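*Asks:* Data: entry34.txt, compact mmCIF, C-alpha atoms and all ligand atoms.
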# COMPACT_ATOMS: atom_id res chain seq x y z
CA MET B 1122 85.81 75.03 102.99
CA LYS B 1123 85.48 77.57 100.18
CA GLN B 1124 88.66 79.54 99.62
CA LYS B 1125 88.50 83.15 100.79
CA THR B 1126 89.12 85.85 98.23
CA VAL B 1127 91.14 89.03 98.77
CA LEU B 1128 90.85 92.10 96.55
CA VAL B 1129 94.31 93.59 96.04
CA SER B 1130 94.09 97.21 94.87
CA GLY B 1131 97.37 98.35 93.33
CA GLY B 1132 98.27 94.68 93.00
CA ALA B 1133 100.21 95.18 89.75
CA GLY B 1134 102.80 97.26 91.63
CA TYR B 1135 105.92 96.38 93.57
CA ILE B 1136 104.55 95.43 96.99
CA GLY B 1137 101.13 94.34 95.69
CA SER B 1138 102.54 91.77 93.26
CA HIS B 1139 104.74 90.16 95.93
CA THR B 1140 101.81 90.13 98.33
CA ALA B 1141 99.56 88.48 95.74
CA VAL B 1142 102.08 85.62 95.48
CA GLU B 1143 102.17 85.11 99.25
CA LEU B 1144 98.37 85.25 99.55
CA ILE B 1145 98.07 82.54 96.92
CA ASN B 1146 100.82 80.49 98.61
CA ALA B 1147 98.75 80.73 101.79
CA GLY B 1148 95.69 79.28 100.05
CA LEU B 1149 93.74 82.46 99.41
CA ASN B 1150 92.19 83.60 96.14
CA VAL B 1151 93.33 86.93 94.75
CA VAL B 1152 91.69 89.51 92.50
CA VAL B 1153 93.95 92.35 91.35
CA ALA B 1154 92.56 95.82 90.57
CA ASP B 1155 94.97 98.43 89.24
CA ASN B 1156 94.92 101.27 86.69
CA LEU B 1157 98.58 100.66 85.74
CA SER B 1158 99.39 104.32 86.42
CA ASN B 1159 102.73 103.28 87.93
CA SER B 1160 103.10 99.72 86.68
CA ASP B 1161 102.50 97.48 83.70
CA MET B 1162 101.16 93.97 83.24
CA SER B 1163 104.56 92.37 83.88
CA GLY B 1164 103.85 92.28 87.64
CA VAL B 1165 100.59 90.39 87.20
CA GLU B 1166 102.13 88.11 84.60
CA GLY B 1167 105.00 87.39 87.01
CA VAL B 1168 102.52 86.48 89.73
CA ARG B 1169 100.72 84.13 87.34
CA LYS B 1170 104.00 82.50 86.33
CA ILE B 1171 105.27 82.04 89.89
CA THR B 1172 102.00 80.65 91.27
CA GLY B 1173 100.57 78.92 88.21
CA VAL B 1174 97.27 80.63 88.99
CA ASP B 1175 95.48 82.71 86.39
CA VAL B 1176 94.91 85.63 88.75
CA PRO B 1177 92.00 87.84 87.60
CA PHE B 1178 93.08 91.39 86.73
CA ILE B 1179 90.77 94.39 86.37
CA ASN B 1180 92.07 97.63 84.89
CA VAL B 1181 90.22 100.19 86.99
CA ASP B 1182 90.88 103.50 88.69
CA CYS B 1183 89.87 103.25 92.35
CA CYS B 1184 89.01 106.95 92.20
CA ASP B 1185 86.25 106.18 89.69
CA LYS B 1186 83.59 105.00 92.10
CA GLU B 1187 81.09 103.83 89.50
CA ALA B 1188 83.70 101.73 87.71
CA PHE B 1189 85.01 100.41 91.00
CA ARG B 1190 81.52 99.48 92.16
CA LYS B 1191 81.43 96.94 89.30
CA VAL B 1192 84.39 95.14 90.87
CA PHE B 1193 82.42 94.81 94.09
CA GLU B 1194 79.39 93.59 92.12
CA GLN B 1195 81.40 91.07 90.14
CA TYR B 1196 83.58 89.44 92.81
CA GLU B 1197 82.75 87.90 96.15
CA PHE B 1198 85.46 88.97 98.58
CA ASP B 1199 85.33 89.94 102.21
CA SER B 1200 88.85 91.37 102.49
CA VAL B 1201 90.75 94.13 100.75
CA ILE B 1202 94.43 95.06 100.77
CA HIS B 1203 94.71 98.63 99.59
CA PHE B 1204 98.05 99.42 97.95
CA ALA B 1205 96.78 101.76 95.21
CA ALA B 1206 98.40 105.15 95.77
CA PHE B 1207 101.03 107.49 94.38
CA LYS B 1208 104.24 107.31 96.40
CA ALA B 1209 106.85 109.80 95.15
CA VAL B 1210 107.60 112.11 98.08
CA GLY B 1211 109.21 114.92 96.02
CA GLU B 1212 106.45 114.90 93.41
CA SER B 1213 103.84 115.16 96.17
CA VAL B 1214 105.45 118.39 97.38
CA ALA B 1215 105.47 119.81 93.84
CA ASP B 1216 101.91 118.71 93.02
CA PRO B 1217 99.97 118.14 96.25
CA MET B 1218 96.52 117.98 94.66
CA LYS B 1219 97.58 115.03 92.52
CA TYR B 1220 98.42 113.16 95.72
CA TYR B 1221 95.45 114.26 97.82
CA ARG B 1222 93.04 113.42 95.01
CA ASN B 1223 94.42 110.00 94.18
CA ASN B 1224 95.43 108.73 97.61
CA LEU B 1225 92.45 110.01 99.57
CA LEU B 1226 89.70 109.50 97.01
CA SER B 1227 90.73 105.94 96.18
CA PHE B 1228 90.76 105.04 99.86
CA MET B 1229 87.48 106.74 100.70
CA ASN B 1230 85.79 105.03 97.74
CA ILE B 1231 86.95 101.66 99.01
CA ILE B 1232 85.63 102.31 102.51
CA ASP B 1233 82.30 103.50 101.08
CA LEU B 1234 81.98 100.46 98.83
CA MET B 1235 82.94 98.05 101.58
CA ARG B 1236 80.09 99.45 103.66
CA GLU B 1237 77.68 99.43 100.75
CA PHE B 1238 78.45 95.78 99.95
CA ASP B 1239 78.90 94.65 103.56
CA ARG B 1240 82.58 93.66 103.19
CA HIS B 1241 84.57 93.58 106.40
CA ASN B 1242 88.36 93.48 106.47
CA ILE B 1243 90.87 95.98 105.15
CA VAL B 1244 94.64 96.31 105.33
CA PHE B 1245 95.98 99.75 104.54
CA SER B 1246 99.54 100.45 103.28
CA SER B 1247 100.89 103.02 105.65
CA SER B 1248 104.46 104.11 106.03
CA ALA B 1249 107.20 104.90 108.53
CA THR B 1250 107.05 108.37 107.02
CA VAL B 1251 104.19 109.09 109.48
CA TYR B 1252 106.76 109.23 112.33
CA GLY B 1253 108.88 111.98 110.73
CA GLU B 1254 112.01 112.77 112.77
CA ALA B 1255 111.06 110.73 115.83
CA ASP B 1256 112.05 111.77 119.36
CA GLU B 1257 112.70 108.17 120.41
CA LEU B 1258 114.33 105.28 118.57
CA PRO B 1259 113.41 102.65 117.70
CA VAL B 1260 109.84 103.81 117.09
CA THR B 1261 106.92 101.86 118.52
CA GLU B 1262 103.35 102.16 117.30
CA GLN B 1263 102.80 104.50 120.27
CA THR B 1264 105.57 106.89 119.27
CA PRO B 1265 103.76 110.13 118.42
CA ARG B 1266 103.40 110.92 114.73
CA LYS B 1267 105.00 114.21 113.70
CA PRO B 1268 103.37 116.72 111.36
CA ALA B 1269 103.96 115.39 107.86
CA THR B 1270 106.73 117.04 105.86
CA SER B 1271 105.25 116.07 102.48
CA SER B 1272 101.78 115.84 101.00
CA TYR B 1273 102.47 112.15 100.44
CA GLY B 1274 103.17 111.67 104.15
CA ASN B 1275 100.08 113.67 104.96
CA THR B 1276 97.91 111.33 102.85
CA LYS B 1277 99.25 108.38 104.87
CA GLN B 1278 98.41 110.07 108.16
CA MET B 1279 94.98 111.10 106.89
CA CYS B 1280 94.14 107.63 105.58
CA GLU B 1281 95.15 106.10 108.92
CA ASP B 1282 92.75 108.51 110.62
CA ILE B 1283 89.99 107.83 108.10
CA LEU B 1284 90.37 104.12 108.78
CA ARG B 1285 90.45 104.55 112.57
CA ASP B 1286 87.32 106.73 112.56
CA SER B 1287 85.43 104.56 110.06
CA VAL B 1288 86.11 101.41 112.05
CA ALA B 1289 84.96 103.16 115.23
CA ALA B 1290 81.82 104.53 113.63
CA TYR B 1291 80.57 101.85 111.27
CA GLY B 1292 79.81 98.40 112.64
CA GLY B 1293 81.35 95.40 110.97
CA LEU B 1294 84.46 97.06 109.58
CA LYS B 1295 87.90 95.92 110.77
CA GLY B 1296 91.14 97.60 109.74
CA ILE B 1297 94.87 97.12 110.06
CA ALA B 1298 97.37 99.81 109.08
CA LEU B 1299 100.79 98.37 108.33
CA ARG B 1300 103.56 100.95 108.63
CA TYR B 1301 106.23 99.76 106.22
CA PHE B 1302 109.81 100.82 106.80
CA ASN B 1303 112.06 100.68 103.70
CA PRO B 1304 110.95 97.82 101.43
CA ILE B 1305 113.75 96.44 99.23
CA GLY B 1306 114.67 93.37 97.19
CA ALA B 1307 112.79 91.08 94.86
CA HIS B 1308 111.15 87.68 94.68
CA PRO B 1309 113.73 84.83 94.69
CA SER B 1310 112.50 83.79 91.23
CA ALA B 1311 113.59 87.21 89.87
CA LEU B 1312 110.28 87.24 87.97
CA ILE B 1313 108.87 90.19 89.92
CA GLY B 1314 110.59 93.16 91.56
CA GLU B 1315 110.64 96.93 91.76
CA LEU B 1316 110.20 98.76 88.44
CA PRO B 1317 110.74 102.48 89.06
CA ARG B 1318 109.84 104.82 86.23
CA GLY B 1319 112.52 107.37 85.31
CA VAL B 1320 115.36 108.13 87.69
CA PRO B 1321 114.93 106.11 90.90
CA GLN B 1322 114.45 108.17 94.05
CA ASN B 1323 115.04 105.25 96.41
CA LEU B 1324 118.43 103.93 97.36
CA VAL B 1325 118.36 100.28 96.29
CA PRO B 1326 116.99 100.75 92.75
CA PHE B 1327 119.59 103.49 92.27
CA ILE B 1328 122.30 101.09 93.44
CA THR B 1329 121.18 98.26 91.16
CA GLN B 1330 120.83 100.59 88.16
CA THR B 1331 124.32 101.95 88.83
CA ALA B 1332 125.70 98.42 89.01
CA ALA B 1333 123.93 97.67 85.71
CA GLY B 1334 125.50 100.73 84.08
CA VAL B 1335 122.18 102.54 83.61
CA ARG B 1336 123.28 105.25 86.08
CA GLU B 1337 126.84 106.49 86.13
CA CYS B 1338 127.35 107.04 89.83
CA LEU B 1339 125.44 106.69 93.08
CA SER B 1340 125.40 109.75 95.34
CA VAL B 1341 125.48 108.92 99.03
CA PHE B 1342 123.51 111.79 100.49
CA GLY B 1343 125.59 112.92 103.44
CA ASP B 1344 128.36 111.35 105.51
CA ASP B 1345 128.41 113.99 108.25
CA TYR B 1346 125.31 112.99 110.22
CA ASP B 1347 125.53 112.13 113.89
CA THR B 1348 125.54 108.36 113.23
CA PRO B 1349 128.30 105.73 113.57
CA ASP B 1350 129.61 106.18 110.01
CA GLY B 1351 128.04 109.58 109.27
CA SER B 1352 125.40 108.30 106.80
CA CYS B 1353 121.66 107.98 107.51
CA LEU B 1354 120.17 104.96 109.26
CA ARG B 1355 117.12 103.07 108.00
CA ASP B 1356 115.30 99.80 108.55
CA TYR B 1357 115.39 97.90 105.24
CA ILE B 1358 112.65 95.28 105.09
CA ASP B 1359 112.77 92.44 102.59
CA ILE B 1360 109.88 92.53 100.13
CA VAL B 1361 108.88 88.88 100.63
CA ASP B 1362 108.92 89.28 104.41
CA LEU B 1363 106.79 92.40 103.99
CA ALA B 1364 104.38 90.55 101.72
CA LYS B 1365 103.99 87.82 104.35
CA ALA B 1366 103.03 90.42 106.97
CA HIS B 1367 99.95 91.17 104.85
CA VAL B 1368 98.95 87.52 104.83
CA VAL B 1369 99.04 87.25 108.61
CA ALA B 1370 97.22 90.58 108.98
CA ILE B 1371 94.41 89.50 106.67
CA LYS B 1372 94.17 86.06 108.25
CA ARG B 1373 94.01 87.64 111.70
CA MET B 1374 90.88 89.52 110.63
CA ILE B 1375 89.33 86.61 108.75
CA ASP B 1376 90.00 83.99 111.43
CA ASP B 1377 89.32 85.75 114.67
CA LYS B 1378 86.11 87.64 114.90
CA ASN B 1379 87.03 88.98 118.36
CA LYS B 1380 90.30 90.71 117.59
CA GLU B 1381 90.56 94.43 118.13
CA ARG B 1382 88.97 96.32 115.30
CA TYR B 1383 91.59 98.91 114.32
CA GLU B 1384 95.22 98.08 114.77
CA ILE B 1385 98.57 99.47 113.68
CA PHE B 1386 101.75 97.45 113.19
CA ASN B 1387 105.29 98.46 112.34
CA VAL B 1388 106.68 96.25 109.61
CA GLY B 1389 110.45 96.36 109.73
CA THR B 1390 113.40 94.27 110.87
CA GLY B 1391 114.21 96.21 114.03
CA ARG B 1392 117.74 96.73 112.74
CA ALA B 1393 119.28 100.07 111.74
CA VAL B 1394 121.50 99.92 108.64
CA SER B 1395 123.48 102.88 107.33
CA VAL B 1396 123.61 103.90 103.68
CA LEU B 1397 127.32 103.08 103.52
CA GLU B 1398 126.77 99.69 105.19
CA LEU B 1399 124.08 98.90 102.64
CA VAL B 1400 126.35 99.90 99.74
CA ASN B 1401 129.24 97.83 101.13
CA THR B 1402 127.01 94.81 101.70
CA PHE B 1403 125.67 95.05 98.15
CA GLU B 1404 129.22 95.07 96.81
CA ARG B 1405 130.32 92.15 98.96
CA VAL B 1406 127.44 89.77 98.35
CA ASN B 1407 127.30 90.43 94.63
CA GLU B 1408 131.09 90.51 94.21
CA LEU B 1409 131.22 93.82 92.35
CA LYS B 1410 132.42 97.37 92.79
CA LEU B 1411 129.91 100.17 92.77
CA ASN B 1412 130.74 103.63 91.47
CA TYR B 1413 129.66 105.95 94.28
CA LYS B 1414 130.60 109.27 95.79
CA VAL B 1415 129.63 111.18 98.89
CA ALA B 1416 127.30 114.07 98.05
CA PRO B 1417 125.56 116.77 100.11
CA ARG B 1418 122.68 115.83 102.37
CA ARG B 1419 119.30 115.42 100.65
CA PRO B 1420 116.82 118.02 101.93
CA GLY B 1421 114.00 116.49 103.95
CA ASP B 1422 115.84 113.29 104.93
CA VAL B 1423 115.41 112.15 108.52
CA VAL B 1424 118.74 111.19 110.10
CA ALA B 1425 117.67 107.85 111.51
CA ILE B 1426 114.60 105.69 111.85
CA TRP B 1427 114.08 102.05 112.59
CA ALA B 1428 111.27 99.96 113.99
CA ASP B 1429 110.51 98.37 117.27
CA THR B 1430 108.84 95.26 115.91
CA ALA B 1431 107.72 93.67 119.20
CA HIS B 1432 104.04 94.33 118.52
CA ALA B 1433 104.08 92.59 115.13
CA ASN B 1434 106.30 89.78 116.48
CA GLU B 1435 104.06 89.07 119.45
CA GLU B 1436 100.58 89.87 118.16
CA LEU B 1437 100.86 88.80 114.52
CA GLY B 1438 103.46 86.10 115.10
CA TRP B 1439 105.35 87.68 112.22
CA LYS B 1440 109.08 88.33 112.04
CA ALA B 1441 111.41 89.41 109.25
CA GLU B 1442 113.42 86.35 108.23
CA ARG B 1443 115.44 86.95 105.09
CA SER B 1444 118.98 88.23 105.66
CA LEU B 1445 120.14 91.55 104.22
CA ASP B 1446 122.70 89.58 102.18
CA ASP B 1447 119.98 87.49 100.51
CA THR B 1448 117.76 90.50 99.96
CA LEU B 1449 120.53 92.43 98.22
CA ARG B 1450 121.40 89.38 96.12
CA SER B 1451 117.75 89.21 95.03
CA ALA B 1452 117.73 92.94 94.16
CA TRP B 1453 120.70 92.46 91.85
CA ALA B 1454 119.31 89.24 90.33
CA TRP B 1455 116.10 91.12 89.47
CA GLU B 1456 117.95 94.09 87.94
CA LYS B 1457 120.06 91.71 85.84
CA ASN B 1458 116.92 89.96 84.67
CA VAL B 1459 115.28 93.27 83.71
CA ARG B 1460 118.42 94.39 81.80
CA GLY B 1461 119.17 91.04 80.24
CA ILE B 1462 122.57 90.85 82.01
CA LYS B 1463 124.03 87.35 82.43
P1 LIG Z 1 103.76 100.93 93.23
O1 LIG Z 1 103.64 102.25 92.58
O2 LIG Z 1 104.69 99.94 92.67
O3 LIG Z 1 102.33 100.25 93.36
C1 LIG Z 1 101.14 100.99 93.50
C2 LIG Z 1 100.17 100.50 92.44
O4 LIG Z 1 98.94 101.22 92.58
C3 LIG Z 1 100.67 100.75 91.02
O5 LIG Z 1 100.57 99.54 90.30
C4 LIG Z 1 99.72 101.80 90.46
O6 LIG Z 1 99.47 101.63 89.08
C5 LIG Z 1 98.47 101.56 91.30
N1 LIG Z 1 97.60 102.72 91.47
C6 LIG Z 1 97.92 103.98 91.89
N2 LIG Z 1 96.82 104.75 91.94
C7 LIG Z 1 95.78 103.96 91.54
C8 LIG Z 1 94.37 104.17 91.40
N3 LIG Z 1 93.83 105.37 91.65
N4 LIG Z 1 93.59 103.16 90.98
C9 LIG Z 1 94.15 101.94 90.72
N5 LIG Z 1 95.46 101.68 90.84
C10 LIG Z 1 96.27 102.68 91.25
O7 LIG Z 1 104.11 101.23 94.76
P2 LIG Z 1 104.51 100.22 95.92
O8 LIG Z 1 105.92 100.49 96.30
O9 LIG Z 1 104.10 98.85 95.58
O10 LIG Z 1 103.60 100.80 97.10
C11 LIG Z 1 102.36 100.22 97.43
C12 LIG Z 1 101.78 100.98 98.60
O11 LIG Z 1 102.69 100.95 99.70
C13 LIG Z 1 101.51 102.46 98.34
O12 LIG Z 1 100.32 102.83 99.01
C14 LIG Z 1 102.70 103.15 98.97
O13 LIG Z 1 102.40 104.47 99.36
C15 LIG Z 1 102.93 102.26 100.16
N6 LIG Z 1 104.32 102.32 100.69
C16 LIG Z 1 105.37 102.07 99.84
C17 LIG Z 1 106.66 102.14 100.34
C18 LIG Z 1 107.85 101.92 99.42
O14 LIG Z 1 108.95 102.37 99.75
N7 LIG Z 1 107.69 101.25 98.28
C19 LIG Z 1 106.88 102.43 101.68
C20 LIG Z 1 105.79 102.65 102.51
C21 LIG Z 1 104.49 102.59 102.00
C1 LIG Z 2 117.14 105.77 102.00
C2 LIG Z 2 118.47 106.38 102.40
C3 LIG Z 2 118.84 108.60 101.56
C4 LIG Z 2 119.01 107.58 97.33
C5 LIG Z 2 111.31 106.88 101.26
C6 LIG Z 2 110.08 107.65 101.59
C7 LIG Z 2 109.27 106.91 102.61
C8 LIG Z 2 109.00 105.48 102.15
C9 LIG Z 2 110.24 104.78 101.73
C10 LIG Z 2 106.87 105.42 101.09
C11 LIG Z 2 118.37 107.84 102.79
C12 LIG Z 2 119.83 107.63 100.97
C13 LIG Z 2 118.90 107.51 98.71
C14 LIG Z 2 120.27 107.88 96.77
C15 LIG Z 2 121.20 108.01 98.98
N1 LIG Z 2 108.14 105.45 101.03
N2 LIG Z 2 119.98 107.74 99.51
N3 LIG Z 2 121.33 108.09 97.61
O1 LIG Z 2 113.88 108.43 102.11
O2 LIG Z 2 114.15 106.53 103.78
O3 LIG Z 2 112.09 106.71 102.46
O4 LIG Z 2 110.95 105.59 100.78
O5 LIG Z 2 106.17 105.49 102.03
O6 LIG Z 2 108.09 107.63 102.77
O7 LIG Z 2 110.47 108.93 102.10
O8 LIG Z 2 114.14 106.01 101.34
O9 LIG Z 2 115.43 104.85 99.60
O10 LIG Z 2 114.90 107.30 99.30
O11 LIG Z 2 116.53 106.63 101.05
O12 LIG Z 2 122.19 108.23 99.70
O13 LIG Z 2 120.43 107.99 95.56
O14 LIG Z 2 119.34 106.35 101.25
O15 LIG Z 2 119.44 109.82 101.84
O16 LIG Z 2 119.26 108.07 103.83
P1 LIG Z 2 113.64 107.03 102.49
P2 LIG Z 2 115.22 106.18 100.21
With the file now loaded, output its structure as structure tokens.
Ligand code: NAD
Ligand code: WQD
*Replies:*
Amino acid sequence: MKQKTVLVSGGAGYIGSHTAVELINAGLNVVVADNLSNSDMSGVEGVRKITGVDVPFINVDCCDKEAFRKVFEQYEFDSVIHFAAFKAVGESVADPMKYYRNNLLSFMNIIDLMREFDRHNIVFSSSATVYGEADELPVTEQTPRKPATSSYGNTKQMCEDILRDSVAAYGGLKGIALRYFNPIGAHPSALIGELPRGVPQNLVPFITQTAAGVRECLSVFGDDYDTPDGSCLRDYIDIVDLAKAHVVAIKRMIDDKNKERYEIFNVGTGRAVSVLELVNTFERVNELKLNYKVAPRRPGDVVAIWADTAHANEELGWKAERSLDDTLRSAWAWEKNVRGIK
């Protein structure tokens, strides 16, 4: 049988590059489309090195519909995984139009072009941010979404709704929104990983850069929350496990023509880990001491969120497998590789 091809928009980035590897491992063809606005070619080159496949790369802005149409004309694919978006929460509050324009327009163009070219399956990168400060924990896919507290979060809610309504209205389109919790870690080869530009906003890249001596000291934002050790609780999902969730989601749509048409899945571990527990685990598994201090709470942080993963476990047959120890070892191995540390 001819191998199926998947278009991966934003595939040069952190999650997209790891997903490209897992798609190829699963026997699918991959085409990457990215404008490198938050990445460089090292992600694609890493994918090529790991898989030995000369993955096609197109430098294109998904917001430029005419340019993007050429990708649809050139390649035969029935499935799309749409990662291309801006993701910095604070920046989205400071410059909302940048986020609405990029994240909404790119997504709407893809839906339009999929209809125009009669392409059927799409996975959308959503986020646990859509739950806000949830009333019940862990959150299930039925837990009500709260009004978004950032323009970034709002784009995720809006794109979910655009997908839901498009699937309901236009025959032939199937969609899955994956709500990622906190993706961390790197590929075991240490050839691809997270490459934040400037000062990292997320916890694990800040930790690894502090361990590497790039940052002087990690601030733990708050130790006076109503949690077991006073620091915030999150559900940290390994990047390779997360990548594999995309493979099963795409295959579900390709293989079974009768599956429900629009579905949402939480992609997490189901386990709540505190900031201090994460820091201590990083120190233990990598046998080093991290320079950190407790600092005031970060405005806008939710106290605690973690996933109920039963729906993904049962319906997708997917489960997070890699241990937090291994994930944090991989994060440090990647940082060392990037910095040339032995
Ligand atoms: P990333 O920035 O590493 O990857 C996104 C990629 O999309 C980048 O390579 C960037 O150059 C590209 N891109 C952005 N706008 C584009 C456009 N208009 N046209 C073409 N390419 C464009 O981010 P990531 O962490 O890999 O995130 C991927 C997706 O997952 C995003 O949609 C993000 O919102 C979502 N997400 C990420 C997290 C997280 O913590 N990393 C959590 C939940 C959801
Ligand atoms: C995790 C915990 C911080 C940095 C964000 C987005 C969310 C999603 C994932 C895209 C929190 C604490 C952090 C630091 C710290 N992205 N922290 N010191 O805020 O849970 O989620 O990324 O969809 O939308 O909001 O992730 O990694 O920033 O923070 O103490 O230097 O680490 O307070 O408790 P967050 P994070």
*Asks:* Counting all atoms listed in the file, what residues are within 7 Å of ligand LIG 1 (chain Z), given as a VMD selection string?
*Replies:* chain B and resid 1130 to 1137 1154 to 1160 1181 to 1184 1204 to 1208 1223 1227 1246 to 1249 1300 to 1304 1315
*Asks:* Do you know which residues are within 6 Å of ligand LIG 2 (chain Z) using only C-alpha atoms and all ligand atoms? Can you write them as a count of residues only?
*Replies:* 17
*Asks:* Excluding stretch 1213-1216 of chain B and residues on its chain fewer than 6 positions from it, collect all residues at most 9 Å away from it, counting all atoms listed in the file, and give them as number ranges by chain.
*Replies:* B: 1207, 1270-1274
*Asks:* Name the residues, using the chain letters and numbers of the file, that sit within 12 Å of (95.5, 85.3, 83.2) when counting all atoms listed in the file, and give them as an MDAnalysis selection string.
*Replies:* chainID B and resid 1151:1153 1162:1170 1172:1179
*Asks:* Between B:Ile1371, B:Val1142, B:Leu1363, B:Ile1426, single out the one closest to B:Val1244, counting all atoms listed in the file.
*Replies:*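 Result for the nearest residue to B:Val1244: B:Ile1371.
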*Asks:* So which residues touch B:Tyr1357 within 12 Å, counting only C-alpha atoms, skipping near sequence neighbours fewer than 5 positions away, as a VMD selection string?
*Replies:* chain B and resid 1249 1301 to 1306 1323 to 1325 1362 to 1363 1388 to 1396 1398 to 1399 1425 to 1428 1441 1443 to 1446 1448 to 1449
*Asks:* With a distance cut-off of 9 Å and all atoms listed in the file, select the neighbouring residues of B:Val1260, excluding the residue or stretch itself and same-chain residues fewer than 3 positions from it, and output the selection as a PyMOL selection string.
*Replies:* chain B and resi 1252+1255-1257+1263-1265+1387+1426-1430
*Asks:* Using all atoms listed in the file, which of B:Leu1397, B:Ile1202, B:Val1192, B:Leu1226 sits nearest B:Phe1238?
*Replies:* B:Val1192
*Asks:* Between atom CA of B:Asn1230 and atom CA of B:Lys1191, what distance in Å does the model show, to one decimal?
*Replies:*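 Separation of atom CA of B:Asn1230 and atom CA of B:Lys1191: 12.5 Å.
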*Asks:* For atom CA of B:Lys1378 and atom CA of B:Lys1295, quote the distance in Å rounded to one decimal.
*Replies:*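 Spanning atom CA of B:Lys1378 to atom CA of B:Lys1295 is a straight-line distance of 9.4 Å.
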*Asks:* Select, from B:Ala1431, B:Val1368, B:Ala1416, B:Ile1360, the residue with the minimum atom-to-atom distance to B:Phe1386, counting all atoms listed in the file.
*Replies:* B:Ala1431
*Asks:* Considering only C-alpha atoms, can you say which of B:Met1279, B:Ile1328, B:Val1361, B:Ala1209 comes closest to B:Phe1228?
*Replies:*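 Nearest to B:Phe1228: B:Met1279.
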*Asks:* If I take atom CA of B:Leu1225 and atom CA of B:His1308, how far is one from the other in Å, to one decimal?
*Replies:*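 Straight-line distance from atom CA of B:Leu1225 to atom CA of B:His1308 works out to 29.5 Å.
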